[in-house]
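Below is one structure, written out as structure tokens; comments come after it.
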Amino acid sequence: MKWPGSHRSPGVSHLIRVQTEDFDPGLELEWLRSRNKGQAGAMVSFTGLVRDLNAGDTVTQMTLEHYPGMTEKALEKIEQEANERWELTATLIIHRVGSLAPNDNIVFVATASRHRKQAFLACEFMIDTLKTNAPFWKKETLPDGTRWVEPGVSG
Amino acid sequence: MVQLRYFASLRESLGIGDEQIELPDGIHDLPGLTRWLQGRDETWASTLADSRLHVAINQEIVKPDTGITDGDEVAWFPPVTGG
């Protein structure tokens with residue numbers, strides 16, 4: 001099978017990607033499965049989507065800005081910390097940037113582990129930490145203008 | 001030279017995303033540099049006064065009293081909202 005993305009060397013089992021292109025959660029999980037060679041008993045994933053409503057207002061478009069260089073470092077640090085705290089056989093973080101529409105994929109976090117508990121805990125830790133530590137900023141387009149999303153409001 | 005970067009709402013308020021400046025005489029730390037930038041005009045003064053802003057030096061979040069040396073990359077930005 002051939003997977004999208006630029007860093008898909010066979011030996012890699014922990015990966016982060018920042019990209020404008022869409023991703024296919026099913027295909028990404030197949031990549032995660034392919035890293036395992038049978039050791040893992042569980043895969044857990046979180047897919048974040050663009051909502052059409054925020055703080056009571058209709059959102060027609062979402063633009064994601066980031067800090068190239070620091071973003072990758074922050075995501076790698078999150079992944080590294082998760083791998084230190086839990087026994088994981090593979091992890092993957094994908095975050096999109098640029099212009100997105102309601103229902104589009106924004107973010108994908110996935111973990112594989114021998115046991116489901118570790119996979120669940122690590123996946124939740126990674127998305128929660130990403131939301132507070134990784135330098136991304138969302139700007140919404142509403143019917144009557146644009147506004148920067150306030151932390152803690154979007155989810 | 002130091003590389004200065006501003007992101008998201010901050011970039012829009014200041015009307016600039018990045019610049020290179022000579023580290024001004026007598027400026028050795030983040031509070032000093034921020035005050036120096038705030039001296040540019042009223043927009044800079046009020047925009048950088050926001051206590052919620054984060055600062056990264058060389059792409060790592062730092063404490064407010066961190067020192068700055070020639071060659072550093074210093075970035076100011078609002079709280080992050082990814083995910």
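Letters A, B, ... go to the chains of the structure tokens in the order shown; residues in each chain start at 1; ligands are counted from 1 in the same order.
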Could the residues of chain B that have an atom at most 7 Å from chain A be listed as JSON lines, each with its closest atom pair and the distance in Å to one decimal, counting only C-alpha atoms and ordered by chain and ascending residue number?
{"residue": "B:Ala8", "atom": "CA", "partner": "A:Trp137", "partner_atom": "CA", "distance": 6.4}
{"residue": "B:Ser9", "atom": "CA", "partner": "A:Trp148", "partner_atom": "CA", "distance": 6.7}
{"residue": "B:Gln59", "atom": "CA", "partner": "A:Met70", "partner_atom": "CA", "distance": 4.8}
{"residue": "B:Pro79", "atom": "CA", "partner": "A:Pro151", "partner_atom": "CA", "distance": 6.4}
{"residue": "B:Val80", "atom": "CA", "partner": "A:Trp137", "partner_atom": "CA", "distance": 5.5}
{"residue": "B:Thr81", "atom": "CA", "partner": "A:Trp137", "partner_atom": "CA", "distance": 4.8}
{"residue": "B:Gly82", "atom": "CA", "partner": "A:Phe136", "partner_atom": "CA", "distance": 4.6}
{"residue": "B:Gly83", "atom": "CA", "partner": "A:Lys131", "partner_atom": "CA", "distance": 5.2}
Keeping C-alpha atoms for every residue in the selection just given, could you write it to a file as an mmCIF file, in the first residue's frame?
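In the end it all went to part28.cif:
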data_model
loop_
_atom_site.group_PDB
_atom_site.id
_atom_site.type_symbol
_atom_site.label_atom_id
_atom_site.label_comp_id
_atom_site.auth_asym_id
_atom_site.auth_seq_id
_atom_site.Cartn_x
_atom_site.Cartn_y
_atom_site.Cartn_z
ATOM 1 C CA ALA B 8 -1.825 35.922 14.400
ATOM 2 C CA SER B 9 -3.766 38.856 15.909
ATOM 3 C CA GLN B 59 11.325 28.526 19.122
ATOM 4 C CA PRO B 79 -2.566 32.129 23.305
ATOM 5 C CA VAL B 80 -2.614 29.219 20.866
ATOM 6 C CA THR B 81 -5.898 27.849 19.488
ATOM 7 C CA GLY B 82 -4.976 24.795 17.391
ATOM 8 C CA GLY B 83 -6.435 21.328 17.472
#
Practice prompt. Might you pull out every residue within 7 Å of Phe7 (chain B), with only C-alpha atoms counted and same-chain residues fewer than 6 positions away left off, and present them as a ChimeraX atom specification?
Written response: /B:17,76-77
Discussion item. As a list in words, please: the residues near Ile16 (chain A) (cut-off 9 Å, only C-alpha atoms, same-chain neighbours under 4 positions excluded).
Written reply: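 Returned residues: His7, Glu72, Leu75, Glu76, Glu79, Thr91, Leu92, Ile93, Ile94 and His95 of chain A.
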Using only C-alpha atoms, please write the residues we just selected to a file, as a tab-separated table (two decimals), in the first residue's frame.
chain	number	residue	atom	x	y	z
A	7	HIS	CA	8.25	11.12	5.54
A	72	GLU	CA	7.22	20.84	14.34
A	75	LEU	CA	4.58	18.40	18.07
A	76	GLU	CA	7.71	16.23	18.25
A	79	GLU	CA	4.93	12.81	20.77
A	91	THR	CA	2.09	7.39	17.20
A	92	LEU	CA	1.00	9.88	14.58
A	93	ILE	CA	0.07	13.57	14.70
A	94	ILE	CA	-1.20	15.42	11.63
A	95	HIS	CA	-2.28	19.07	11.74
Discussion item. Applying 6 Å and only C-alpha atoms, which residues near Thr111 (chain A) remain after dropping the ones on its own chain fewer than 6 positions away? List them as a PyMOL selection string.
Written reply: chain A and resi 43-44+90-91+119+123
Worksheet item: Of the residues B:Asp18, B:Asp29, B:Glu42, B:Asp50, which is the one nearest to Asp65 (chain B), using only C-alpha atoms?
Response: B:Asp29
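Around Gln3 (chain B), within 9 Å and counting only C-alpha atoms, the residues found are B:Asp18, B:Glu19, B:Gln20, B:Ile21, B:Glu22, B:Gly71, B:Asp72, B:Glu73, B:Val74, B:Ala75, once anything fewer than 3 positions away on its own chain is removed.
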Could you write out the selected residues, including C-alpha atoms, as a PDB file, in the first residue's frame?
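Once everything was written out, this is out-v5.pdb:
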ATOM      1  CA  ASP B  18       8.929  39.650  11.116  1.00  0.00           C
ATOM      2  CA  GLU B  19      11.923  41.942  11.136  1.00  0.00           C
ATOM      3  CA  GLN B  20      15.632  41.913  11.870  1.00  0.00           C
ATOM      4  CA  ILE B  21      17.119  44.528  14.173  1.00  0.00           C
ATOM      5  CA  GLU B  22      20.434  45.214  15.866  1.00  0.00           C
ATOM      6  CA  GLY B  71      21.511  35.929  16.973  1.00  0.00           C
ATOM      7  CA  ASP B  72      18.374  34.985  18.896  1.00  0.00           C
ATOM      8  CA  GLU B  73      14.974  34.572  17.257  1.00  0.00           C
ATOM      9  CA  VAL B  74      12.306  36.135  19.463  1.00  0.00           C
ATOM     10  CA  ALA B  75       8.590  35.609  18.774  1.00  0.00           C
TER      11      ALA B  75
END
Discussion item. So that I can see what lies close to Gln118 (chain A), please list as a VMD selection string the residues with an atom at most 8 Å from it, counting only C-alpha atoms and leaving out residues fewer than 3 positions away in the same chain.
Written reply: chain A and resid 86 to 88 113 to 115 121 to 122
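Listed by chain and then by rising number, the residues of chain B that DSSP assigns to alpha helix (DSSP H) from the backbone are Ala8, Ser9, Leu10, Arg11, Glu12, Ser13, Leu14, Leu30, Pro31, Gly32, Leu33, Thr34, Arg35, Trp36, Leu37, Gln38, Glu42, Thr43, Trp44, Ala45, Ser46 and Thr47 of chain B.
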Residue selection dump (C-alpha atoms) as a CSV table (one decimal), in the first residue's frame:
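Written out: out_39.csv:
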chain,number,residue,atom,x,y,z
B,8,ALA,CA,-1.8,35.9,14.4
B,9,SER,CA,-3.8,38.9,15.9
B,10,LEU,CA,-0.5,40.4,17.1
B,11,ARG,CA,0.9,40.4,13.5
B,12,GLU,CA,-2.3,42.1,12.3
B,13,SER,CA,-2.3,44.7,15.1
B,14,LEU,CA,1.4,45.6,14.5
B,30,LEU,CA,13.1,40.1,27.2
B,31,PRO,CA,11.5,42.8,29.4
B,32,GLY,CA,14.1,45.3,28.1
B,33,LEU,CA,13.5,44.4,24.5
B,34,THR,CA,9.7,44.5,24.9
B,35,ARG,CA,9.9,48.0,26.5
B,36,TRP,CA,12.1,49.2,23.7
B,37,LEU,CA,9.6,47.9,21.1
B,38,GLN,CA,6.8,49.6,23.1
B,42,GLU,CA,1.1,53.9,20.9
B,43,THR,CA,0.1,50.8,18.9
B,44,TRP,CA,3.3,49.0,19.9
B,45,ALA,CA,2.9,50.1,23.5
B,46,SER,CA,-0.7,48.9,23.9
B,47,THR,CA,-0.4,45.7,21.7
Worksheet entry | Backbone-only DSSP, strand (DSSP E) members of chain B, as a list in words | Val2, Gln3, Leu4, Arg5, Tyr6, Asp18, Glu19, Gln20, Ile21, His54, Val55, Ala56, Ile57, Glu60, Ile61, Glu73, Val74, Ala75, Trp76 and Phe77 of chain B
Fill in: Residues within 8 Å of Leu142 (chain A), only C-alpha atoms, excluding chain neighbours under 6 positions, as number ranges by chain
A: 57-61
Output for the residues just chosen: N, CA and C atoms as a CSV table (one decimal), in the first residue's frame:
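Output file part-v1.csv follows:
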chain,number,residue,atom,x,y,z
A,57,ASP,N,-22.2,31.8,16.5
A,57,ASP,CA,-22.2,32.4,15.1
A,57,ASP,C,-21.8,31.4,14.1
A,58,THR,N,-22.4,31.6,12.9
A,58,THR,CA,-22.2,30.7,11.7
A,58,THR,C,-20.7,30.9,11.2
A,59,VAL,N,-20.0,29.9,11.1
A,59,VAL,CA,-18.6,29.9,10.6
A,59,VAL,C,-18.7,29.4,9.1
A,60,THR,N,-18.2,30.3,8.2
A,60,THR,CA,-18.2,29.8,6.8
A,60,THR,C,-16.8,29.3,6.3
A,61,GLN,N,-15.8,29.7,7.1
A,61,GLN,CA,-14.4,29.3,6.7
A,61,GLN,C,-13.5,29.5,7.9
Worksheet item: Nearest to Thr89 (chain A): which of A:Gly145, A:Gly56, A:Gly41, A:Pro25 is it, counting only C-alpha atoms?
Response: A:Gly41
Practice prompt. To one decimal in Å, tell me the separation between CA of Asp144 (chain A) and CA of Leu48 (chain B).
Written response: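 Going from CA of Asp144 (chain A) over to CA of Leu48 (chain B) covers 27.7 Å.
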